Amino acid sequence: MSKSELNRRNFITKVTVGTLGAAAILASCSGTKSKKEEIQLPELLDQAPDGKVLKAGLIGCGGRGTGAAVNFLDAGPNLQITALGDVFQDRMDNCRAKLKEQKNVEVADEKCFIGFDSYQKVIDSGIDIVLLCTPPHFRPTHVEAAVNARKHVFMEKPIAVDPVGARSVLASAKKAEAIGLSMVSGTIRRVQKDYMETQRRVANGEIGEIVGANIIRNGGALWYRNRKPEWTDMEYMLRNWVNFCWLSGDHITEQFIHEIDVMNWHMNQNPVKAIGWGGRQRRVSGDQYDFFSIEYVYENGMRTNCAARQINGCTNRKVQQINGTKGYADAAGKIFDLQGNEIWKYPKPDDGDTESKWKVTNPYVQEHINLVTSIRTGKPLSDAEAQVNSTLTTIMGRISAYTGKDVSWEEIMNSDLYLGPKTYAFGPVPGIPEKVPVVGVENKAI
């Protein structure tokens with residue numbers, strides 16, 4: 001990312017967009033009801049109802065895309081994967097082999113498309129639903145094309161890497177809502193029953209008024225690929241996409257979004273400012289940081305602290321602690337009083353118990369169950385606005401860490417920051433050096 005792209009003067013665009021409101025996949029679990037009316041969990045089906053055949057096309061045939069295709073097929077009866085799109089033949093071949101091996105599904109040669117325009121060919125191939133699983137830089141363009149073609153959408157997280165892309169997805173989501181399309185995101189926790197029950201209890205006041213949160217995701221380093229001599233700049237970046245900010249949004253956006261989304265779900269409001277820190281010590285590829293620490297500030301003065309690290313050989317942990325005036329919650333399924341005594345725990349059934357009402361369906365499948373159910377029952381569903389908010393929250397923190405400057409929600413909402421090239425071809429990628437952002441100004445000797 002160039003210095004000019006990081007300059008906060010470039011954040012302000014001529015187009016002003018109003019502040020986004022939080023939205024949830026299921027209105028009855030959104031936390032927006034009056035506290036006088038106790039929130040109840042909606043029914044979660046463990047399989048979508050039967051109906052006419054629904055055909056899906058997969059765009060992005062890597063590991064997550066192939067997994068999403070399998071998850072879709074597991075969501076209910078009469079579901080098919082009929083088209084595939086990617087820029088690399090080897091990823092297409094691997095995806096086809098795994099679909100055949102795991103689900104005995106064969107996609108016809110004439111419905112397998114290669115190239116940067118493959119997304120449009122998949123959309124135009126006679127499908128009902130599109131599964132968007134490419135590197136997230138491409139998500140806004142693919143979402144817009146899918147909605148314009150009146151296709152239902154599953155979009156893997158995050159939905160963008162920059163504010164321009166996030167606003168584009170929001171506009172597409174508004175159009176989808178107006179024409180009765182369903183859109184489901186890959187931020188899985190809002191459809192995971194143990195998380196949902198915990199959020200329900202917190203929203204109903206079991207820890208009192210929320211006063212803050214402590215959110216951590218520390219883990220090992222992600223994969224990377226060394227550049228091969230025959231690769232162009234574009235191929236190198238695409239095959240190494242989790243290490244380039246313009247493709248992934250950095251790990252604060254590409255992975256930490258899960259925990260940030262849980263925080264936003266409980267907070268039920270967007271932060272007004274981010275104060276960020278970060279740096280790099282161990283990565284050997286790309287232009288991203290190894291670690292982030294972000295303080296989010298809210299309109300009422302409340303603060304949340306969020307930190308993420310991807311370095312091997314360190315202590316790993318995930319913390320999703322929501323703090324209240326009467327106690328605190330582990331968002332994954334526990335509630336404690338102020339003295340640290342556990343006062344409630346999600347009653348997870350024994351292994352093999354498939355009849356318990358507390359059974360937690362694989363959330364990677366549950367999101368597709370919800371999508372298919374919404375289509376077959378004629379009740380459109382969308383959590384797009386919630387994912388836009390969570391994506392923008394992570395981007396605000398990333399920009400603050402990259403620049404060493406406080407960044408406001410208003411600045412992000414009005415930002416014209418766009419990452420990546422405007423056209424795509426295998427060859428040089430000018431203007432995007434493999435250079436790590438450095439905050440502040442150089443010290444001068446006296």
# chains A, B, ... in the order shown; residues from 1 in each chain; ligands from 1

call {"tool": "select_by_dssp", "arguments": {"residues": "stretch 278-314 of chain A", "states": "strand (DSSP E or B)", "output": "ChimeraX atom specification"}}
result
/A:278-279,291-297,303-310

call {"tool": "closest_atom_pairs", "arguments": {"of": "stretch 348-404 of chain A", "to": "stretch 136-159 of chain A", "cutoff": "9 Å", "atoms": "only C-alpha atoms", "output": "JSON lines"}}
result
{"residue": "A:Glu367", "atom": "CA", "partner": "A:Phe154", "partner_atom": "CA", "distance": 8.6}
{"residue": "A:His368", "atom": "CA", "partner": "A:Phe154", "partner_atom": "CA", "distance": 7.8}
{"residue": "A:Leu371", "atom": "CA", "partner": "A:Phe154", "partner_atom": "CA", "distance": 7.8}
{"residue": "A:Ile375", "atom": "CA", "partner": "A:His152", "partner_atom": "CA", "distance": 8.2}
{"residue": "A:Ala384", "atom": "CA", "partner": "A:Ile159", "partner_atom": "CA", "distance": 8.6}
{"residue": "A:Gln387", "atom": "CA", "partner": "A:Ile159", "partner_atom": "CA", "distance": 7.1}
{"residue": "A:Val388", "atom": "CA", "partner": "A:Ile159", "partner_atom": "CA", "distance": 6.8}
{"residue": "A:Ser390", "atom": "CA", "partner": "A:Pro158", "partner_atom": "CA", "distance": 8.5}
{"residue": "A:Thr391", "atom": "CA", "partner": "A:Pro158", "partner_atom": "CA", "distance": 6.1}

call {"tool": "select_by_dssp", "arguments": {"residues": "stretch 115-245 of chain A", "states": "alpha helix (DSSP H)", "output": "PDB file with N, CA and C atoms, in the first residue's frame"}}
result
ATOM      1  N   SER A 118     -14.700 -15.559 -15.192  1.00  0.00           N
ATOM      2  CA  SER A 118     -15.424 -16.806 -14.943  1.00  0.00           C
ATOM      3  C   SER A 118     -16.625 -16.593 -14.031  1.00  0.00           C
ATOM      4  N   TYR A 119     -16.570 -15.592 -13.154  1.00  0.00           N
ATOM      5  CA  TYR A 119     -17.686 -15.342 -12.241  1.00  0.00           C
ATOM      6  C   TYR A 119     -18.961 -15.043 -13.019  1.00  0.00           C
ATOM      7  N   GLN A 120     -18.836 -14.240 -14.078  1.00  0.00           N
ATOM      8  CA  GLN A 120     -20.020 -13.893 -14.850  1.00  0.00           C
ATOM      9  C   GLN A 120     -20.549 -15.101 -15.613  1.00  0.00           C
ATOM     10  N   LYS A 121     -19.657 -15.952 -16.074  1.00  0.00           N
ATOM     11  CA  LYS A 121     -20.086 -17.150 -16.790  1.00  0.00           C
ATOM     12  C   LYS A 121     -20.809 -18.117 -15.856  1.00  0.00           C
ATOM     13  N   VAL A 122     -20.341 -18.229 -14.628  1.00  0.00           N
ATOM     14  CA  VAL A 122     -21.037 -19.062 -13.650  1.00  0.00           C
ATOM     15  C   VAL A 122     -22.425 -18.497 -13.376  1.00  0.00           C
ATOM     16  N   ILE A 123     -22.504 -17.195 -13.155  1.00  0.00           N
ATOM     17  CA  ILE A 123     -23.779 -16.544 -12.865  1.00  0.00           C
ATOM     18  C   ILE A 123     -24.766 -16.737 -14.006  1.00  0.00           C
ATOM     19  N   ARG A 139     -15.013  -9.695  -3.884  1.00  0.00           N
ATOM     20  CA  ARG A 139     -16.373  -9.928  -3.429  1.00  0.00           C
ATOM     21  C   ARG A 139     -17.361  -8.844  -3.885  1.00  0.00           C
ATOM     22  N   PRO A 140     -17.036  -7.556  -3.748  1.00  0.00           N
ATOM     23  CA  PRO A 140     -18.032  -6.542  -4.115  1.00  0.00           C
ATOM     24  C   PRO A 140     -18.478  -6.643  -5.576  1.00  0.00           C
ATOM     25  N   THR A 141     -17.544  -6.858  -6.486  1.00  0.00           N
ATOM     26  CA  THR A 141     -17.890  -6.982  -7.903  1.00  0.00           C
ATOM     27  C   THR A 141     -18.757  -8.202  -8.147  1.00  0.00           C
ATOM     28  N   HIS A 142     -18.416  -9.315  -7.510  1.00  0.00           N
ATOM     29  CA  HIS A 142     -19.161 -10.549  -7.705  1.00  0.00           C
ATOM     30  C   HIS A 142     -20.558 -10.465  -7.084  1.00  0.00           C
ATOM     31  N   VAL A 143     -20.662  -9.832  -5.920  1.00  0.00           N
ATOM     32  CA  VAL A 143     -21.977  -9.642  -5.294  1.00  0.00           C
ATOM     33  C   VAL A 143     -22.869  -8.792  -6.188  1.00  0.00           C
ATOM     34  N   GLU A 144     -22.328  -7.705  -6.690  1.00  0.00           N
ATOM     35  CA  GLU A 144     -23.111  -6.817  -7.558  1.00  0.00           C
ATOM     36  C   GLU A 144     -23.611  -7.564  -8.795  1.00  0.00           C
ATOM     37  N   ALA A 145     -22.726  -8.353  -9.416  1.00  0.00           N
ATOM     38  CA  ALA A 145     -23.129  -9.094 -10.619  1.00  0.00           C
ATOM     39  C   ALA A 145     -24.198 -10.125 -10.298  1.00  0.00           C
ATOM     40  N   ALA A 146     -24.072 -10.800  -9.161  1.00  0.00           N
ATOM     41  CA  ALA A 146     -25.058 -11.815  -8.775  1.00  0.00           C
ATOM     42  C   ALA A 146     -26.424 -11.192  -8.527  1.00  0.00           C
ATOM     43  N   VAL A 147     -26.454 -10.089  -7.812  1.00  0.00           N
ATOM     44  CA  VAL A 147     -27.737  -9.429  -7.512  1.00  0.00           C
ATOM     45  C   VAL A 147     -28.361  -8.879  -8.789  1.00  0.00           C
ATOM     46  N   ASN A 148     -27.540  -8.293  -9.659  1.00  0.00           N
ATOM     47  CA  ASN A 148     -28.073  -7.782 -10.925  1.00  0.00           C
ATOM     48  C   ASN A 148     -28.700  -8.897 -11.756  1.00  0.00           C
ATOM     49  N   PRO A 163     -13.175   0.431   2.283  1.00  0.00           N
ATOM     50  CA  PRO A 163     -14.492   1.069   2.446  1.00  0.00           C
ATOM     51  C   PRO A 163     -15.290   1.161   1.154  1.00  0.00           C
ATOM     52  N   VAL A 164     -14.619   1.397   0.028  1.00  0.00           N
ATOM     53  CA  VAL A 164     -15.329   1.480  -1.246  1.00  0.00           C
ATOM     54  C   VAL A 164     -16.051   0.168  -1.530  1.00  0.00           C
ATOM     55  N   GLY A 165     -15.364  -0.950  -1.321  1.00  0.00           N
ATOM     56  CA  GLY A 165     -15.974  -2.251  -1.557  1.00  0.00           C
ATOM     57  C   GLY A 165     -17.105  -2.545  -0.592  1.00  0.00           C
ATOM     58  N   ALA A 166     -16.934  -2.166   0.671  1.00  0.00           N
ATOM     59  CA  ALA A 166     -17.977  -2.417   1.671  1.00  0.00           C
ATOM     60  C   ALA A 166     -19.253  -1.661   1.325  1.00  0.00           C
ATOM     61  N   ARG A 167     -19.115  -0.414   0.895  1.00  0.00           N
ATOM     62  CA  ARG A 167     -20.297   0.364   0.524  1.00  0.00           C
ATOM     63  C   ARG A 167     -20.971  -0.223  -0.711  1.00  0.00           C
ATOM     64  N   SER A 168     -20.172  -0.765  -1.627  1.00  0.00           N
ATOM     65  CA  SER A 168     -20.736  -1.409  -2.806  1.00  0.00           C
ATOM     66  C   SER A 168     -21.593  -2.609  -2.412  1.00  0.00           C
ATOM     67  N   VAL A 169     -21.105  -3.417  -1.479  1.00  0.00           N
ATOM     68  CA  VAL A 169     -21.871  -4.577  -1.030  1.00  0.00           C
ATOM     69  C   VAL A 169     -23.156  -4.131  -0.336  1.00  0.00           C
ATOM     70  N   LEU A 170     -23.078  -3.073   0.445  1.00  0.00           N
ATOM     71  CA  LEU A 170     -24.281  -2.566   1.102  1.00  0.00           C
ATOM     72  C   LEU A 170     -25.321  -2.141   0.073  1.00  0.00           C
ATOM     73  N   ALA A 171     -24.883  -1.446  -0.973  1.00  0.00           N
ATOM     74  CA  ALA A 171     -25.819  -1.027  -2.020  1.00  0.00           C
ATOM     75  C   ALA A 171     -26.438  -2.242  -2.711  1.00  0.00           C
ATOM     76  N   SER A 172     -25.622  -3.267  -2.977  1.00  0.00           N
ATOM     77  CA  SER A 172     -26.144  -4.489  -3.591  1.00  0.00           C
ATOM     78  C   SER A 172     -27.137  -5.181  -2.664  1.00  0.00           C
ATOM     79  N   ALA A 173     -26.836  -5.169  -1.365  1.00  0.00           N
ATOM     80  CA  ALA A 173     -27.732  -5.809  -0.396  1.00  0.00           C
ATOM     81  C   ALA A 173     -29.079  -5.101  -0.351  1.00  0.00           C
ATOM     82  N   LYS A 174     -29.085  -3.786  -0.434  1.00  0.00           N
ATOM     83  CA  LYS A 174     -30.347  -3.040  -0.439  1.00  0.00           C
ATOM     84  C   LYS A 174     -31.164  -3.387  -1.684  1.00  0.00           C
ATOM     85  N   LYS A 175     -30.474  -3.535  -2.814  1.00  0.00           N
ATOM     86  CA  LYS A 175     -31.165  -3.909  -4.044  1.00  0.00           C
ATOM     87  C   LYS A 175     -31.722  -5.325  -3.923  1.00  0.00           C
ATOM     88  N   ALA A 176     -30.906  -6.241  -3.361  1.00  0.00           N
ATOM     89  CA  ALA A 176     -31.350  -7.629  -3.185  1.00  0.00           C
ATOM     90  C   ALA A 176     -32.594  -7.695  -2.313  1.00  0.00           C
ATOM     91  N   GLU A 177     -32.614  -6.920  -1.262  1.00  0.00           N
ATOM     92  CA  GLU A 177     -33.772  -6.890  -0.363  1.00  0.00           C
ATOM     93  C   GLU A 177     -35.014  -6.406  -1.093  1.00  0.00           C
ATOM     94  N   ALA A 178     -34.827  -5.400  -1.932  1.00  0.00           N
ATOM     95  CA  ALA A 178     -35.967  -4.818  -2.642  1.00  0.00           C
ATOM     96  C   ALA A 178     -36.595  -5.795  -3.630  1.00  0.00           C
ATOM     97  N   LYS A 193     -25.771 -22.305  17.610  1.00  0.00           N
ATOM     98  CA  LYS A 193     -26.756 -22.267  18.691  1.00  0.00           C
ATOM     99  C   LYS A 193     -26.159 -21.922  20.051  1.00  0.00           C
ATOM    100  N   ASP A 194     -24.939 -22.399  20.362  1.00  0.00           N
ATOM    101  CA  ASP A 194     -24.360 -22.062  21.663  1.00  0.00           C
ATOM    102  C   ASP A 194     -24.047 -20.570  21.754  1.00  0.00           C
ATOM    103  N   TYR A 195     -23.562 -19.986  20.671  1.00  0.00           N
ATOM    104  CA  TYR A 195     -23.334 -18.539  20.647  1.00  0.00           C
ATOM    105  C   TYR A 195     -24.656 -17.780  20.690  1.00  0.00           C
ATOM    106  N   MET A 196     -25.644 -18.281  19.981  1.00  0.00           N
ATOM    107  CA  MET A 196     -26.942 -17.607  19.945  1.00  0.00           C
ATOM    108  C   MET A 196     -27.610 -17.588  21.315  1.00  0.00           C
ATOM    109  N   GLU A 197     -27.548 -18.722  22.013  1.00  0.00           N
ATOM    110  CA  GLU A 197     -28.166 -18.782  23.343  1.00  0.00           C
ATOM    111  C   GLU A 197     -27.439 -17.865  24.324  1.00  0.00           C
ATOM    112  N   THR A 198     -26.104 -17.792  24.215  1.00  0.00           N
ATOM    113  CA  THR A 198     -25.346 -16.892  25.089  1.00  0.00           C
ATOM    114  C   THR A 198     -25.721 -15.447  24.799  1.00  0.00           C
ATOM    115  N   GLN A 199     -25.786 -15.084  23.527  1.00  0.00           N
ATOM    116  CA  GLN A 199     -26.148 -13.712  23.170  1.00  0.00           C
ATOM    117  C   GLN A 199     -27.558 -13.380  23.633  1.00  0.00           C
ATOM    118  N   ARG A 200     -28.456 -14.343  23.521  1.00  0.00           N
ATOM    119  CA  ARG A 200     -29.834 -14.137  23.979  1.00  0.00           C
ATOM    120  C   ARG A 200     -29.866 -13.805  25.462  1.00  0.00           C
ATOM    121  N   ARG A 201     -29.113 -14.554  26.242  1.00  0.00           N
ATOM    122  CA  ARG A 201     -29.091 -14.327  27.690  1.00  0.00           C
ATOM    123  C   ARG A 201     -28.466 -12.979  28.038  1.00  0.00           C
ATOM    124  N   VAL A 202     -27.404 -12.637  27.349  1.00  0.00           N
ATOM    125  CA  VAL A 202     -26.773 -11.331  27.594  1.00  0.00           C
ATOM    126  C   VAL A 202     -27.730 -10.211  27.213  1.00  0.00           C
ATOM    127  N   ALA A 203     -28.392 -10.336  26.062  1.00  0.00           N
ATOM    128  CA  ALA A 203     -29.335  -9.306  25.619  1.00  0.00           C
ATOM    129  C   ALA A 203     -30.515  -9.183  26.572  1.00  0.00           C
ATOM    130  N   ASP A 233       3.642 -11.231 -11.482  1.00  0.00           N
ATOM    131  CA  ASP A 233       3.253 -10.568 -10.230  1.00  0.00           C
ATOM    132  C   ASP A 233       1.836 -10.982  -9.824  1.00  0.00           C
ATOM    133  N   MET A 234       0.918 -10.979 -10.783  1.00  0.00           N
ATOM    134  CA  MET A 234      -0.479 -11.285 -10.463  1.00  0.00           C
ATOM    135  C   MET A 234      -0.625 -12.721  -9.968  1.00  0.00           C
ATOM    136  N   GLU A 235       0.011 -13.666 -10.634  1.00  0.00           N
ATOM    137  CA  GLU A 235      -0.125 -15.057 -10.195  1.00  0.00           C
ATOM    138  C   GLU A 235       0.485 -15.248  -8.816  1.00  0.00           C
ATOM    139  N   TYR A 236       1.630 -14.637  -8.583  1.00  0.00           N
ATOM    140  CA  TYR A 236       2.262 -14.744  -7.266  1.00  0.00           C
ATOM    141  C   TYR A 236       1.339 -14.210  -6.179  1.00  0.00           C
ATOM    142  N   MET A 237       0.749 -13.053  -6.390  1.00  0.00           N
ATOM    143  CA  MET A 237      -0.116 -12.458  -5.385  1.00  0.00           C
ATOM    144  C   MET A 237      -1.374 -13.292  -5.173  1.00  0.00           C
ATOM    145  N   LEU A 238      -1.979 -13.781  -6.242  1.00  0.00           N
ATOM    146  CA  LEU A 238      -3.199 -14.572  -6.111  1.00  0.00           C
ATOM    147  C   LEU A 238      -2.944 -15.904  -5.410  1.00  0.00           C
ATOM    148  N   ARG A 239      -1.822 -16.540  -5.727  1.00  0.00           N
ATOM    149  CA  ARG A 239      -1.523 -17.822  -5.084  1.00  0.00           C
ATOM    150  C   ARG A 239      -1.053 -17.638  -3.648  1.00  0.00           C
ATOM    151  N   CYS A 245      -2.534  -7.397   1.501  1.00  0.00           N
ATOM    152  CA  CYS A 245      -3.672  -6.646   2.037  1.00  0.00           C
ATOM    153  C   CYS A 245      -4.725  -6.392   0.977  1.00  0.00           C
TER     154      CYS A 245
END

call {"tool": "atom_distance", "arguments": {"atom1": "atom CA of A:Val53", "atom2": "atom CA of A:Asn362"}}
result
22.8 Å

call {"tool": "residues_around", "arguments": {"residues": "A:Ser125", "least_positions_apart": "5", "cutoff": "12 Å", "atoms": "only C-alpha atoms", "output": "ChimeraX atom specification"}}
result
/A:55-58,81-85,108,110-113,118-120,130,146,149,151

call {"tool": "residues_around", "arguments": {"residues": "stretch 401-405 of chain A", "least_positions_apart": "5", "cutoff": "9 Å", "atoms": "only C-alpha atoms", "output": "PyMOL selection string"}}
result
chain A and resi 6-8+274-279+289+292-294+396+436-440

call {"tool": "closest_residue", "arguments": {"among": "A:Asp93, A:Glu43, A:Asp383, A:Glu410", "to": "A:Met183", "atoms": "only C-alpha atoms"}}
result
A:Asp383

call {"tool": "atom_distance", "arguments": {"atom1": "atom CA of A:Gly67", "atom2": "atom CA of A:Thr361"}}
result
15.8 Å

call {"tool": "closest_atom_pairs", "arguments": {"of": "stretch 164-255 of chain A", "to": "stretch 318-342 of chain A", "cutoff": "7 Å", "atoms": "only C-alpha atoms", "output": "Markdown table"}}
result
| residue | atom | partner | partner_atom | distance |
| --- | --- | --- | --- | --- |
| A:Asp194 | CA | A:Gly333 | CA | 5.5 |
| A:Tyr195 | CA | A:Ala332 | CA | 5.1 |
| A:Thr198 | CA | A:Gly333 | CA | 5.5 |
| A:Gln199 | CA | A:Ala331 | CA | 6.9 |
| A:Ile207 | CA | A:Gly327 | CA | 4.6 |
| A:Gly208 | CA | A:Lys326 | CA | 4.9 |
| A:Glu209 | CA | A:Gly324 | CA | 5.2 |
| A:Ile210 | CA | A:Gly324 | CA | 4.2 |
| A:Val211 | CA | A:Gly324 | CA | 5.2 |
| A:Gly212 | CA | A:Asn323 | CA | 5.2 |
| A:Ala213 | CA | A:Ile322 | CA | 4.5 |
| A:Asn214 | CA | A:Gln321 | CA | 5.2 |
| A:Ile215 | CA | A:Gln320 | CA | 4.8 |
| A:Ile216 | CA | A:Val319 | CA | 4.8 |
| A:Arg217 | CA | A:Lys318 | CA | 4.6 |
| A:Asn218 | CA | A:Lys318 | CA | 6.3 |

call {"tool": "write_last_selection", "arguments": {"atoms": "C-alpha atoms", "output": "short mmCIF file (atom, residue, chain, number, x, y, z; two decimals), in the first residue's frame"}}
result
data_model
loop_
_atom_site.label_atom_id
_atom_site.label_comp_id
_atom_site.auth_asym_id
_atom_site.auth_seq_id
_atom_site.Cartn_x
_atom_site.Cartn_y
_atom_site.Cartn_z
CA ASP A 194 -24.36 -22.06 21.66
CA TYR A 195 -23.33 -18.54 20.65
CA THR A 198 -25.35 -16.89 25.09
CA GLN A 199 -26.15 -13.71 23.17
CA ILE A 207 -24.82 -9.80 33.02
CA GLY A 208 -26.51 -6.43 33.51
CA GLU A 209 -25.67 -3.49 31.27
CA ILE A 210 -22.77 -4.12 28.87
CA VAL A 211 -19.78 -1.93 29.73
CA GLY A 212 -17.05 -3.31 27.45
CA ALA A 213 -15.41 -6.36 25.93
CA ASN A 214 -12.07 -8.14 25.68
CA ILE A 215 -11.60 -9.91 22.33
CA ILE A 216 -8.47 -11.92 21.43
CA ARG A 217 -7.52 -14.26 18.59
CA ASN A 218 -3.92 -15.46 18.90
#
